[in-house]
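A.B. asks: Have a peek at query-v6.cif (mmCIF, C-alpha atoms).
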```cif
data_protein
#
loop_
_atom_site.group_PDB
_atom_site.id
_atom_site.type_symbol
_atom_site.label_atom_id
_atom_site.label_comp_id
_atom_site.auth_asym_id
_atom_site.auth_seq_id
_atom_site.Cartn_x
_atom_site.Cartn_y
_atom_site.Cartn_z
ATOM 1 C CA MET A 835 -0.081 -3.423 35.803
ATOM 2 C CA VAL A 836 3.619 -3.360 36.584
ATOM 3 C CA GLY A 837 6.006 -1.134 34.670
ATOM 4 C CA PRO A 838 7.814 -0.133 32.651
ATOM 5 C CA ALA A 839 5.227 -0.692 29.938
ATOM 6 C CA ARG A 840 6.315 -3.251 27.364
ATOM 7 C CA PRO A 841 4.889 -4.360 24.013
ATOM 8 C CA GLN A 842 2.262 -7.047 24.522
ATOM 9 C CA PHE A 843 2.273 -10.276 22.515
ATOM 10 C CA VAL A 844 -0.966 -12.259 22.879
ATOM 11 C CA LEU A 845 -1.175 -15.981 22.076
ATOM 12 C CA PHE A 846 -4.828 -16.729 21.281
ATOM 13 C CA GLY A 847 -6.186 -20.151 20.432
ATOM 14 C CA SER A 848 -7.134 -23.629 21.528
ATOM 15 C CA SER A 849 -5.076 -26.282 23.335
ATOM 16 C CA ILE A 850 -2.006 -25.849 21.114
ATOM 17 C CA VAL A 851 -1.914 -22.372 22.687
ATOM 18 C CA GLN A 852 -3.049 -23.251 26.225
ATOM 19 C CA LEU A 853 -0.351 -25.929 26.465
ATOM 20 C CA SER A 854 2.337 -23.774 24.862
ATOM 21 C CA PHE A 855 4.028 -23.267 28.238
ATOM 22 C CA SER A 856 4.060 -27.046 28.917
ATOM 23 C CA HIS A 857 6.498 -29.724 27.712
ATOM 24 C CA GLY A 858 9.085 -27.127 26.663
ATOM 25 C CA GLY A 859 6.359 -25.400 24.674
ATOM 26 C CA TRP A 860 6.722 -22.727 22.028
ATOM 27 C CA GLY A 861 5.071 -20.139 24.265
ATOM 28 C CA SER A 862 7.716 -20.675 26.920
ATOM 29 C CA VAL A 863 10.413 -20.322 24.246
ATOM 30 C CA LEU A 864 8.995 -16.954 23.198
ATOM 31 C CA SER A 865 8.613 -15.890 26.828
ATOM 32 C CA ASP A 866 12.297 -16.652 27.429
ATOM 33 C CA LEU A 867 13.548 -14.871 24.303
ATOM 34 C CA TYR A 868 11.398 -11.801 24.988
ATOM 35 C CA SER A 869 11.857 -11.877 28.780
ATOM 36 C CA ARG A 870 13.244 -8.319 28.850
ATOM 37 C CA LYS A 871 11.614 -7.089 25.661
ATOM 38 C CA ALA A 872 7.866 -7.878 25.610
ATOM 39 C CA ASP A 873 5.146 -9.410 27.764
ATOM 40 C CA ILE A 874 3.799 -12.704 26.423
ATOM 41 C CA LEU A 875 0.125 -13.059 27.365
ATOM 42 C CA LEU A 876 -1.540 -16.464 27.142
ATOM 43 C CA ARG A 877 -5.168 -16.722 26.061
ATOM 44 C CA GLY A 878 -5.477 -20.401 25.216
ATOM 45 C CA TYR A 879 -8.577 -22.541 25.687
ATOM 46 C CA PHE A 880 -8.460 -26.330 25.608
ATOM 47 C CA GLY A 881 -10.927 -27.897 23.155
ATOM 48 C CA TRP A 882 -12.145 -24.653 21.622
ATOM 49 C CA ASN A 883 -13.042 -24.051 18.005
ATOM 50 C CA SER A 884 -13.433 -20.868 15.971
ATOM 51 C CA ARG A 885 -17.109 -20.556 16.970
ATOM 52 C CA ARG A 886 -16.280 -20.253 20.658
ATOM 53 C CA ALA A 887 -13.437 -17.881 19.832
ATOM 54 C CA LEU A 888 -15.898 -15.508 18.178
ATOM 55 C CA GLU A 889 -18.135 -15.605 21.264
ATOM 56 C CA VAL A 890 -15.393 -14.099 23.452
ATOM 57 C CA LEU A 891 -13.459 -12.073 20.888
ATOM 58 C CA ASP A 892 -14.673 -8.694 22.176
ATOM 59 C CA GLN A 893 -13.855 -9.693 25.757
ATOM 60 C CA VAL A 894 -10.339 -10.910 24.997
ATOM 61 C CA PHE A 895 -9.596 -8.039 22.617
ATOM 62 C CA PRO A 896 -11.818 -5.051 23.557
ATOM 63 C CA LYS A 897 -11.598 -2.272 21.009
ATOM 64 C CA ASP A 898 -11.634 0.393 23.726
ATOM 65 C CA ALA A 899 -8.680 -1.017 25.679
ATOM 66 C CA ALA A 900 -6.169 1.611 26.784
ATOM 67 C CA VAL A 901 -3.318 -0.501 25.411
ATOM 68 C CA GLN A 902 -3.615 -2.706 22.339
ATOM 69 C CA PRO A 903 -1.314 -5.657 21.662
ATOM 70 C CA SER A 904 1.685 -5.225 19.417
ATOM 71 C CA LEU A 905 1.368 -8.811 18.183
ATOM 72 C CA VAL A 906 -1.382 -11.445 18.209
ATOM 73 C CA ILE A 907 -0.567 -15.039 17.292
ATOM 74 C CA VAL A 908 -3.774 -16.959 16.498
ATOM 75 C CA TYR A 909 -4.384 -20.686 16.245
ATOM 76 C CA PHE A 910 -7.734 -22.365 15.664
ATOM 77 C CA GLY A 911 -8.415 -25.236 13.308
ATOM 78 C CA GLY A 912 -7.456 -28.544 14.904
ATOM 79 C CA ASN A 913 -10.790 -28.926 16.683
ATOM 80 C CA ASP A 914 -12.768 -27.348 13.843
ATOM 81 C CA SER A 915 -11.329 -29.961 11.479
ATOM 82 C CA MET A 916 -12.469 -32.954 13.538
ATOM 83 C CA GLY A 917 -15.042 -35.143 11.848
ATOM 84 C CA PRO A 918 -18.659 -34.280 12.757
ATOM 85 C CA HIS A 919 -20.404 -36.234 15.532
ATOM 86 C CA PRO A 920 -23.759 -37.851 14.632
ATOM 87 C CA SER A 921 -25.432 -35.951 17.493
ATOM 88 C CA GLY A 922 -24.506 -32.588 16.022
ATOM 89 C CA LEU A 923 -22.581 -31.818 19.211
ATOM 90 C CA GLY A 924 -18.860 -31.357 19.434
ATOM 91 C CA PRO A 925 -16.199 -29.030 18.063
ATOM 92 C CA HIS A 926 -16.515 -29.719 14.333
ATOM 93 C CA VAL A 927 -17.037 -26.602 12.219
ATOM 94 C CA PRO A 928 -17.721 -27.003 8.473
ATOM 95 C CA LEU A 929 -14.886 -25.680 6.350
ATOM 96 C CA PRO A 930 -16.784 -22.717 4.781
ATOM 97 C CA GLU A 931 -17.883 -21.533 8.232
ATOM 98 C CA TYR A 932 -14.363 -22.001 9.625
ATOM 99 C CA ILE A 933 -13.000 -19.745 6.895
ATOM 100 C CA GLU A 934 -15.563 -17.034 7.664
ATOM 101 C CA ASN A 935 -14.969 -17.326 11.401
ATOM 102 C CA MET A 936 -11.241 -16.861 10.919
ATOM 103 C CA ARG A 937 -11.941 -13.921 8.615
ATOM 104 C CA LYS A 938 -14.020 -12.285 11.375
ATOM 105 C CA ILE A 939 -11.245 -12.879 13.918
ATOM 106 C CA ALA A 940 -8.695 -11.342 11.551
ATOM 107 C CA ASN A 941 -10.907 -8.338 10.791
ATOM 108 C CA HIS A 942 -11.492 -7.676 14.482
ATOM 109 C CA LEU A 943 -7.787 -7.849 15.294
ATOM 110 C CA GLN A 944 -6.930 -5.594 12.363
ATOM 111 C CA SER A 945 -9.371 -3.006 13.715
ATOM 112 C CA LEU A 946 -7.690 -2.781 17.134
ATOM 113 C CA SER A 947 -4.788 -0.576 16.118
ATOM 114 C CA ASP A 948 -2.706 0.342 13.083
ATOM 115 C CA SER A 949 0.300 -1.023 14.958
ATOM 116 C CA THR A 950 -1.202 -4.392 15.941
ATOM 117 C CA ARG A 951 0.506 -7.143 13.938
ATOM 118 C CA ILE A 952 -1.049 -10.561 13.342
ATOM 119 C CA VAL A 953 0.329 -14.042 12.701
ATOM 120 C CA PHE A 954 -1.966 -17.017 12.088
ATOM 121 C CA LEU A 955 -0.851 -20.611 12.643
ATOM 122 C CA SER A 956 -2.454 -23.117 10.296
ATOM 123 C CA CYS A 957 -3.717 -26.534 11.364
ATOM 124 C CA PRO A 958 -0.853 -28.983 12.017
ATOM 125 C CA PRO A 959 -0.955 -32.673 11.130
ATOM 126 C CA VAL A 960 -1.695 -35.414 13.637
ATOM 127 C CA ASN A 961 -0.270 -38.856 14.251
ATOM 128 C CA GLU A 962 -3.320 -40.849 13.205
ATOM 129 C CA ALA A 963 -2.085 -44.169 14.619
ATOM 130 C CA THR A 964 -1.474 -42.663 18.060
ATOM 131 C CA VAL A 965 -4.831 -40.890 18.030
ATOM 132 C CA ARG A 966 -6.598 -44.185 17.302
ATOM 133 C CA GLU A 967 -4.718 -45.897 20.131
ATOM 134 C CA ASN A 968 -5.490 -43.219 22.708
ATOM 135 C CA LYS A 969 -9.117 -44.093 23.270
ATOM 136 C CA SER A 970 -10.803 -42.581 26.313
ATOM 137 C CA PRO A 971 -13.717 -44.076 28.277
ATOM 138 C CA TYR A 972 -14.972 -40.523 28.750
ATOM 139 C CA LEU A 973 -15.022 -39.379 25.112
ATOM 140 C CA SER A 974 -16.654 -40.498 21.895
ATOM 141 C CA GLU A 975 -14.278 -41.584 19.161
ATOM 142 C CA LEU A 976 -12.141 -38.705 17.906
ATOM 143 C CA ILE A 977 -12.206 -38.405 14.147
ATOM 144 C CA ARG A 978 -8.919 -36.697 13.320
ATOM 145 C CA THR A 979 -7.280 -37.334 9.974
ATOM 146 C CA ASN A 980 -4.453 -35.635 8.149
ATOM 147 C CA GLU A 981 -6.679 -35.272 5.117
ATOM 148 C CA LEU A 982 -9.017 -33.026 7.110
ATOM 149 C CA CYS A 983 -6.134 -31.213 8.823
ATOM 150 C CA GLN A 984 -4.605 -30.391 5.462
ATOM 151 C CA GLN A 985 -7.882 -29.034 4.086
ATOM 152 C CA TYR A 986 -8.270 -26.634 7.015
ATOM 153 C CA SER A 987 -4.595 -25.700 6.938
ATOM 154 C CA GLU A 988 -4.724 -24.822 3.245
ATOM 155 C CA ALA A 989 -7.915 -22.825 3.772
ATOM 156 C CA CYS A 990 -6.280 -20.824 6.565
ATOM 157 C CA ILE A 991 -3.210 -20.112 4.444
ATOM 158 C CA LYS A 992 -5.311 -19.023 1.480
ATOM 159 C CA LEU A 993 -7.363 -16.692 3.686
ATOM 160 C CA CYS A 994 -4.215 -15.112 5.129
ATOM 161 C CA GLN A 995 -2.845 -14.527 1.657
ATOM 162 C CA GLU A 996 -6.121 -12.844 0.720
ATOM 163 C CA LEU A 997 -6.064 -10.621 3.830
ATOM 164 C CA ASP A 998 -2.303 -9.959 3.702
ATOM 165 C CA ILE A 999 -1.756 -11.568 7.105
ATOM 166 C CA LYS A 1000 1.397 -13.440 8.038
ATOM 167 C CA VAL A 1001 0.845 -17.181 8.370
ATOM 168 C CA VAL A 1002 2.873 -20.173 9.479
ATOM 169 C CA ASP A 1003 2.168 -23.366 7.542
ATOM 170 C CA LEU A 1004 2.260 -25.777 10.470
ATOM 171 C CA PHE A 1005 0.919 -28.675 8.437
ATOM 172 C CA THR A 1006 4.104 -28.659 6.370
ATOM 173 C CA ALA A 1007 6.520 -27.505 9.088
ATOM 174 C CA ILE A 1008 5.657 -30.145 11.693
ATOM 175 C CA GLN A 1009 6.291 -32.934 9.181
ATOM 176 C CA LYS A 1010 9.965 -31.927 9.088
ATOM 177 C CA GLY A 1011 10.488 -33.314 12.589
ATOM 178 C CA GLU A 1012 10.124 -36.591 14.428
ATOM 179 C CA ASN A 1013 8.481 -37.243 17.788
ATOM 180 C CA CYS A 1014 6.579 -33.957 17.517
ATOM 181 C CA PHE A 1015 3.560 -35.060 19.571
ATOM 182 C CA THR A 1016 2.833 -36.108 23.132
ATOM 183 C CA ASP A 1017 -0.435 -37.878 22.298
ATOM 184 C CA GLY A 1018 -0.704 -37.714 18.529
ATOM 185 C CA ILE A 1019 -2.337 -34.268 18.663
ATOM 186 C CA HIS A 1020 -0.577 -31.974 21.129
ATOM 187 C CA LEU A 1021 2.996 -30.865 20.699
ATOM 188 C CA SER A 1022 6.084 -32.248 22.359
ATOM 189 C CA ALA A 1023 9.145 -30.094 23.029
ATOM 190 C CA GLU A 1024 10.472 -31.033 19.583
ATOM 191 C CA GLY A 1025 7.224 -30.057 17.897
ATOM 192 C CA SER A 1026 7.122 -26.784 19.814
ATOM 193 C CA LYS A 1027 10.701 -26.012 18.817
ATOM 194 C CA ILE A 1028 9.607 -26.184 15.170
ATOM 195 C CA VAL A 1029 6.661 -23.873 15.876
ATOM 196 C CA ALA A 1030 8.935 -21.371 17.641
ATOM 197 C CA GLU A 1031 11.435 -21.481 14.773
ATOM 198 C CA GLU A 1032 8.721 -20.791 12.195
ATOM 199 C CA ILE A 1033 7.262 -17.910 14.203
ATOM 200 C CA LEU A 1034 10.706 -16.352 14.664
ATOM 201 C CA LYS A 1035 11.378 -16.601 10.923
ATOM 202 C CA VAL A 1036 8.171 -14.684 10.231
ATOM 203 C CA LEU A 1037 9.041 -12.010 12.801
ATOM 204 C CA ARG A 1038 12.583 -11.686 11.455
ATOM 205 C CA GLU A 1039 11.518 -11.373 7.806
ATOM 206 C CA ALA A 1040 8.484 -9.113 8.283
ATOM 207 C CA ASP A 1041 9.046 -5.536 7.150
ATOM 208 C CA TRP A 1042 7.211 -4.154 10.172
ATOM 209 C CA LYS A 1043 8.317 -0.921 11.772
ATOM 210 C CA PRO A 1044 9.237 -1.230 14.511
ATOM 211 C CA SER A 1045 10.499 -4.770 14.113
ATOM 212 C CA LEU A 1046 9.077 -7.334 16.532
ATOM 213 C CA HIS A 1047 11.955 -9.766 16.139
ATOM 214 C CA TRP A 1048 13.568 -10.421 19.494
ATOM 215 C CA LYS A 1049 17.073 -9.445 18.417
ATOM 216 C CA SER A 1050 15.858 -6.102 17.043
ATOM 217 C CA MET A 1051 13.887 -4.992 20.091
ATOM 218 C CA PRO A 1052 15.451 -3.012 22.931
ATOM 219 C CA THR A 1053 16.368 -4.832 26.124
ATOM 220 C CA GLU A 1054 14.881 -3.350 29.262
ATOM 221 C CA PHE A 1055 17.368 -1.795 31.728
ATOM 222 C CA ALA A 1056 20.338 -2.852 29.600
ATOM 223 C CA GLU A 1057 22.702 -0.095 30.662
ATOM 224 C CA ASP A 1058 26.045 -0.933 32.279
ATOM 225 C CA SER A 1059 26.132 -0.787 36.062
ATOM 226 C CA PRO A 1060 28.851 -0.865 38.707
ATOM 227 C CA TYR A 1061 26.640 -3.406 40.473
ATOM 228 C CA ASP A 1062 27.077 -5.991 37.706
ATOM 229 C CA LEU A 1063 29.366 -8.961 38.281
ATOM 230 C CA VAL A 1064 33.037 -8.039 38.484
ATOM 231 C CA ALA A 1065 35.153 -9.172 35.541
ATOM 232 C CA ALA A 1066 38.300 -11.287 35.869
ATOM 233 C CA ASP A 1067 40.493 -8.192 35.616
ATOM 234 C CA GLY A 1068 39.080 -7.005 38.911
ATOM 235 C CA LYS A 1069 38.557 -3.512 37.504
ATOM 236 C CA THR A 1070 35.448 -3.653 35.337
ATOM 237 C CA THR A 1071 32.005 -5.250 35.404
ATOM 238 C CA LEU A 1072 30.269 -7.511 32.918
ATOM 239 C CA ASN A 1073 26.817 -6.539 31.700
ATOM 240 C CA PRO A 1074 24.630 -9.703 31.764
ATOM 241 C CA SER A 1075 21.571 -8.243 30.048
ATOM 242 C CA GLU A 1076 22.210 -10.103 26.770
ATOM 243 C CA TRP A 1077 23.608 -13.364 28.172
ATOM 244 C CA THR A 1078 22.231 -16.517 26.531
ATOM 245 C CA PHE A 1079 24.576 -19.235 27.787
ATOM 246 C CA TYR A 1080 21.885 -20.824 29.937
ATOM 247 C CA ARG A 1081 19.733 -21.889 26.977
ATOM 248 C CA ASP A 1082 19.828 -25.505 25.828
ATOM 249 C CA PHE A 1083 19.322 -24.295 22.255
ATOM 250 C CA HIS A 1084 20.800 -21.063 20.985
ATOM 251 C CA TRP A 1085 18.342 -19.060 18.907
ATOM 252 C CA ASN A 1086 20.762 -16.415 17.711
ATOM 253 C CA SER A 1087 20.377 -17.422 14.062
ATOM 254 C CA LEU A 1088 16.581 -17.094 14.223
#
```
Re-express the file's structure as structure tokens.
C.D. replies:
Amino acid sequence: MVGPARPQFVLFGSSIVQLSFSHGGWGSVLSDLYSRKADILLRGYFGWNSRRALEVLDQVFPKDAAVQPSLVIVYFGGNDSMGPHPSGLGPHVPLPEYIENMRKIANHLQSLSDSTRIVFLSCPPVNEATVRENKSPYLSELIRTNELCQQYSEACIKLCQELDIKVVDLFTAIQKGENCFTDGIHLSAEGSKIVAEEILKVLREADWKPSLHWKSMPTEFAEDSPYDLVAADGKTTLNPSEWTFYRDFHWNSL
């Protein structure tokens, strides 16, 4: 491990997480904003459901780890909510089992450390027309409907309210935008921007101590230096540690 030690933020979930550094993804947004504040660790697994997550939970988040994450952002539900396949194979998980699986994930994460914070992302909608059009010769028909997505999203939100865990209602949030998907399921840059905005709102409003909002956390090696770029007056230097001009979108209000 390289130093200095930083808070660790772990993104844990299925393809919405694995692809969060692609297509201007929400993971890459967080990694940029926290580039000198926290380490963003990606633990995303394409096609996974909550059952598979439980199988590896102790390996991804061992209770005896020397350092426990400061924040875990969890997303499972899109694959769980797919319609069941006649063979009994596939990622579908019945709603009652999904709820209990997510409860077990939450309980495990809560047991890691008193200072480990948790945010769940609920199941987002899909573009049903695009999903129907994107048929693959390698896959059976994908049964993904917004009716099912909403049921799993609402169940996740209700569970988080019961467990006093922060949750982002992605089913509602994603519908605020347009062109939010690359293939009807996975997020485009616009969809990821909405996800990042919603996560940042949660982190800004949470009454956690210390705060995990990017503007409240200390910037690593932020002290002034005579080796910084020389200012126009030719006598002083400009500290670049908080510069944000390079970003296409300015997140200062979030």
A.B. asks: Leaving out Ala940 in chain A and any residue of its chain fewer than 2 positions from it, which residues lie within 12 Å of it when counting all atoms listed in the file, given as an MDAnalysis selection string?
C.D. replies: chainID A and resid 846 884 887:888 891 895 906:910 933:938 942:946 950:954 990 993:1001
A.B. asks: For the residues in that selection, give me C-alpha atoms as a short mmCIF file (atom, residue, chain, number, x, y, z; two decimals), in the frame of the given file.
C.D. replies:
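Contents of the output file result-v8.cif:
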```cif
data_model
loop_
_atom_site.label_atom_id
_atom_site.label_comp_id
_atom_site.auth_asym_id
_atom_site.auth_seq_id
_atom_site.Cartn_x
_atom_site.Cartn_y
_atom_site.Cartn_z
CA PHE A 846 -4.83 -16.73 21.28
CA SER A 884 -13.43 -20.87 15.97
CA ALA A 887 -13.44 -17.88 19.83
CA LEU A 888 -15.90 -15.51 18.18
CA LEU A 891 -13.46 -12.07 20.89
CA PHE A 895 -9.60 -8.04 22.62
CA VAL A 906 -1.38 -11.44 18.21
CA ILE A 907 -0.57 -15.04 17.29
CA VAL A 908 -3.77 -16.96 16.50
CA TYR A 909 -4.38 -20.69 16.24
CA PHE A 910 -7.73 -22.36 15.66
CA ILE A 933 -13.00 -19.74 6.90
CA GLU A 934 -15.56 -17.03 7.66
CA ASN A 935 -14.97 -17.33 11.40
CA MET A 936 -11.24 -16.86 10.92
CA ARG A 937 -11.94 -13.92 8.62
CA LYS A 938 -14.02 -12.28 11.38
CA HIS A 942 -11.49 -7.68 14.48
CA LEU A 943 -7.79 -7.85 15.29
CA GLN A 944 -6.93 -5.59 12.36
CA SER A 945 -9.37 -3.01 13.72
CA LEU A 946 -7.69 -2.78 17.13
CA THR A 950 -1.20 -4.39 15.94
CA ARG A 951 0.51 -7.14 13.94
CA ILE A 952 -1.05 -10.56 13.34
CA VAL A 953 0.33 -14.04 12.70
CA PHE A 954 -1.97 -17.02 12.09
CA CYS A 990 -6.28 -20.82 6.56
CA LEU A 993 -7.36 -16.69 3.69
CA CYS A 994 -4.22 -15.11 5.13
CA GLN A 995 -2.84 -14.53 1.66
CA GLU A 996 -6.12 -12.84 0.72
CA LEU A 997 -6.06 -10.62 3.83
CA ASP A 998 -2.30 -9.96 3.70
CA ILE A 999 -1.76 -11.57 7.10
CA LYS A 1000 1.40 -13.44 8.04
CA VAL A 1001 0.84 -17.18 8.37
#
```
A.B. asks: Give me the result of the PyMOL selection byres ((chain A and resi 1014) around 10) on this file, residue by residue, as number ranges by chain.
C.D. replies: A: 959-961, 1008-1013, 1015-1028
A.B. asks: How far is it from CA of Phe1055 in chain A to CA of Gln842 in chain A, in Å with one decimal?
C.D. replies: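 Taking CA of Phe1055 in chain A and CA of Gln842 in chain A, their separation equals 17.5 Å.
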A.B. asks: Running the PyMOL selection byres ((chain A and resi 849-855) around 10) on this model by hand, what would come out? Give it as a ChimeraX atom specification.
C.D. replies: /A:845-848,856-865,876-883,907-910,912-913,957-958,1019-1023,1026,1029
A.B. asks: Separation of CA of Gly922 in chain A and CA of Arg886 in chain A, in Å?
C.D. replies: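 One can read the CA of Gly922 in chain A to CA of Arg886 in chain A distance as 15.5 Å.
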A.B. asks: Which residues, named as in the file, does the PyMOL selection byres ((chain A and resi 1085) around 12) pick out? Answer as JSON, numbers by chain.
C.D. replies: {"A": [863, 864, 866, 867, 868, 1027, 1028, 1030, 1031, 1032, 1034, 1035, 1038, 1047, 1048, 1049, 1078, 1079, 1080, 1081, 1082, 1083, 1084, 1086, 1087, 1088]}
A.B. asks: Work out how far CA of Ile1033 in chain A is from CA of Glu931 in chain A, in Å to one decimal.
C.D. replies: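 Between these atoms lies a distance of 26.1 Å.
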A.B. asks: For His926 in chain A, which residue out of A:Lys969, A:Arg870, A:Arg978, A:Lys897 is the nearest one, using only C-alpha atoms?
C.D. replies: A:Arg978
A.B. asks: Near Ile991 in chain A, within 8 Å and counting all atoms listed in the file, which residues show up once chain neighbours fewer than 6 positions away are dropped, as a compact mmCIF listing (two decimals) with C-alpha atoms, in the frame of the given file?
C.D. replies:
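Below is the file selection29.txt, written as the result:
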```
# COMPACT_ATOMS: atom_id res chain seq x y z
CA SER A 956 -2.45 -23.12 10.30
CA VAL A 1001 0.84 -17.18 8.37
CA VAL A 1002 2.87 -20.17 9.48
CA ASP A 1003 2.17 -23.37 7.54
```
A.B. asks: Restricting the calculation to all atoms listed in the file: of A:Ser1059, A:Ser904, A:Ser1045, A:Ser915, which residue gets closest to Val927 in chain A?
C.D. replies: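 The closest residue to Val927 in chain A is A:Ser915.
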A.B. asks: Which residue, A:Ser974, A:Pro1074, A:Asn941, A:Glu962, has the smallest gap to Ser921 in chain A when you use only C-alpha atoms?
C.D. replies: A:Ser974
A.B. asks: Give me range 955-977 of chain A with N, CA and C atoms filled in, as a tab-separated table (two decimals), in the coordinates of the input.
C.D. replies:
```
chain	number	residue	atom	x	y	z
A	955	LEU	N	-1.45	-19.29	12.75
A	955	LEU	CA	-0.85	-20.61	12.64
A	955	LEU	C	-1.88	-21.53	12.01
A	956	SER	N	-1.50	-22.22	10.95
A	956	SER	CA	-2.45	-23.12	10.30
A	956	SER	C	-2.51	-24.45	11.04
A	957	CYS	N	-3.48	-25.25	10.69
A	957	CYS	CA	-3.72	-26.53	11.36
A	957	CYS	C	-2.55	-27.50	11.14
A	958	PRO	N	-1.94	-28.02	12.19
A	958	PRO	CA	-0.85	-28.98	12.02
A	958	PRO	C	-1.39	-30.38	11.71
A	959	PRO	N	-0.52	-31.28	11.31
A	959	PRO	CA	-0.96	-32.67	11.13
A	959	PRO	C	-1.14	-33.35	12.48
A	960	VAL	N	-1.60	-34.57	12.44
A	960	VAL	CA	-1.70	-35.41	13.64
A	960	VAL	C	-1.01	-36.74	13.35
A	961	ASN	N	-0.73	-37.48	14.40
A	961	ASN	CA	-0.27	-38.86	14.25
A	961	ASN	C	-1.51	-39.74	14.36
A	962	GLU	N	-2.03	-40.15	13.23
A	962	GLU	CA	-3.32	-40.85	13.20
A	962	GLU	C	-3.27	-42.15	14.00
A	963	ALA	N	-2.18	-42.89	13.91
A	963	ALA	CA	-2.08	-44.17	14.62
A	963	ALA	C	-2.16	-43.95	16.13
A	964	THR	N	-1.46	-42.95	16.62
A	964	THR	CA	-1.47	-42.66	18.06
A	964	THR	C	-2.84	-42.19	18.50
A	965	VAL	N	-3.49	-41.37	17.69
A	965	VAL	CA	-4.83	-40.89	18.03
A	965	VAL	C	-5.80	-42.06	18.16
A	966	ARG	N	-5.70	-43.01	17.24
A	966	ARG	CA	-6.60	-44.18	17.30
A	966	ARG	C	-6.33	-45.03	18.55
A	967	GLU	N	-5.07	-45.09	18.96
A	967	GLU	CA	-4.72	-45.90	20.13
A	967	GLU	C	-5.17	-45.26	21.44
A	968	ASN	N	-5.18	-43.94	21.47
A	968	ASN	CA	-5.49	-43.22	22.71
A	968	ASN	C	-6.99	-43.05	22.89
A	969	LYS	N	-7.67	-44.15	23.07
A	969	LYS	CA	-9.12	-44.09	23.27
A	969	LYS	C	-9.42	-43.81	24.74
A	970	SER	N	-10.43	-42.97	24.96
A	970	SER	CA	-10.80	-42.58	26.31
A	970	SER	C	-12.19	-43.12	26.64
A	971	PRO	N	-12.38	-43.63	27.88
A	971	PRO	CA	-13.72	-44.08	28.28
A	971	PRO	C	-14.68	-42.91	28.48
A	972	TYR	N	-14.15	-41.70	28.48
A	972	TYR	CA	-14.97	-40.52	28.75
A	972	TYR	C	-15.37	-39.77	27.48
A	973	LEU	N	-14.78	-40.12	26.34
A	973	LEU	CA	-15.02	-39.38	25.11
A	973	LEU	C	-15.49	-40.30	23.99
A	974	SER	N	-16.34	-39.78	23.12
A	974	SER	CA	-16.65	-40.50	21.90
A	974	SER	C	-15.40	-40.58	21.02
A	975	GLU	N	-15.44	-41.43	20.04
A	975	GLU	CA	-14.28	-41.58	19.16
A	975	GLU	C	-13.92	-40.25	18.51
A	976	LEU	N	-12.62	-39.93	18.54
A	976	LEU	CA	-12.14	-38.70	17.91
A	976	LEU	C	-11.83	-38.99	16.45
A	977	ILE	N	-12.47	-38.25	15.58
A	977	ILE	CA	-12.21	-38.40	14.15
A	977	ILE	C	-11.24	-37.32	13.73
```
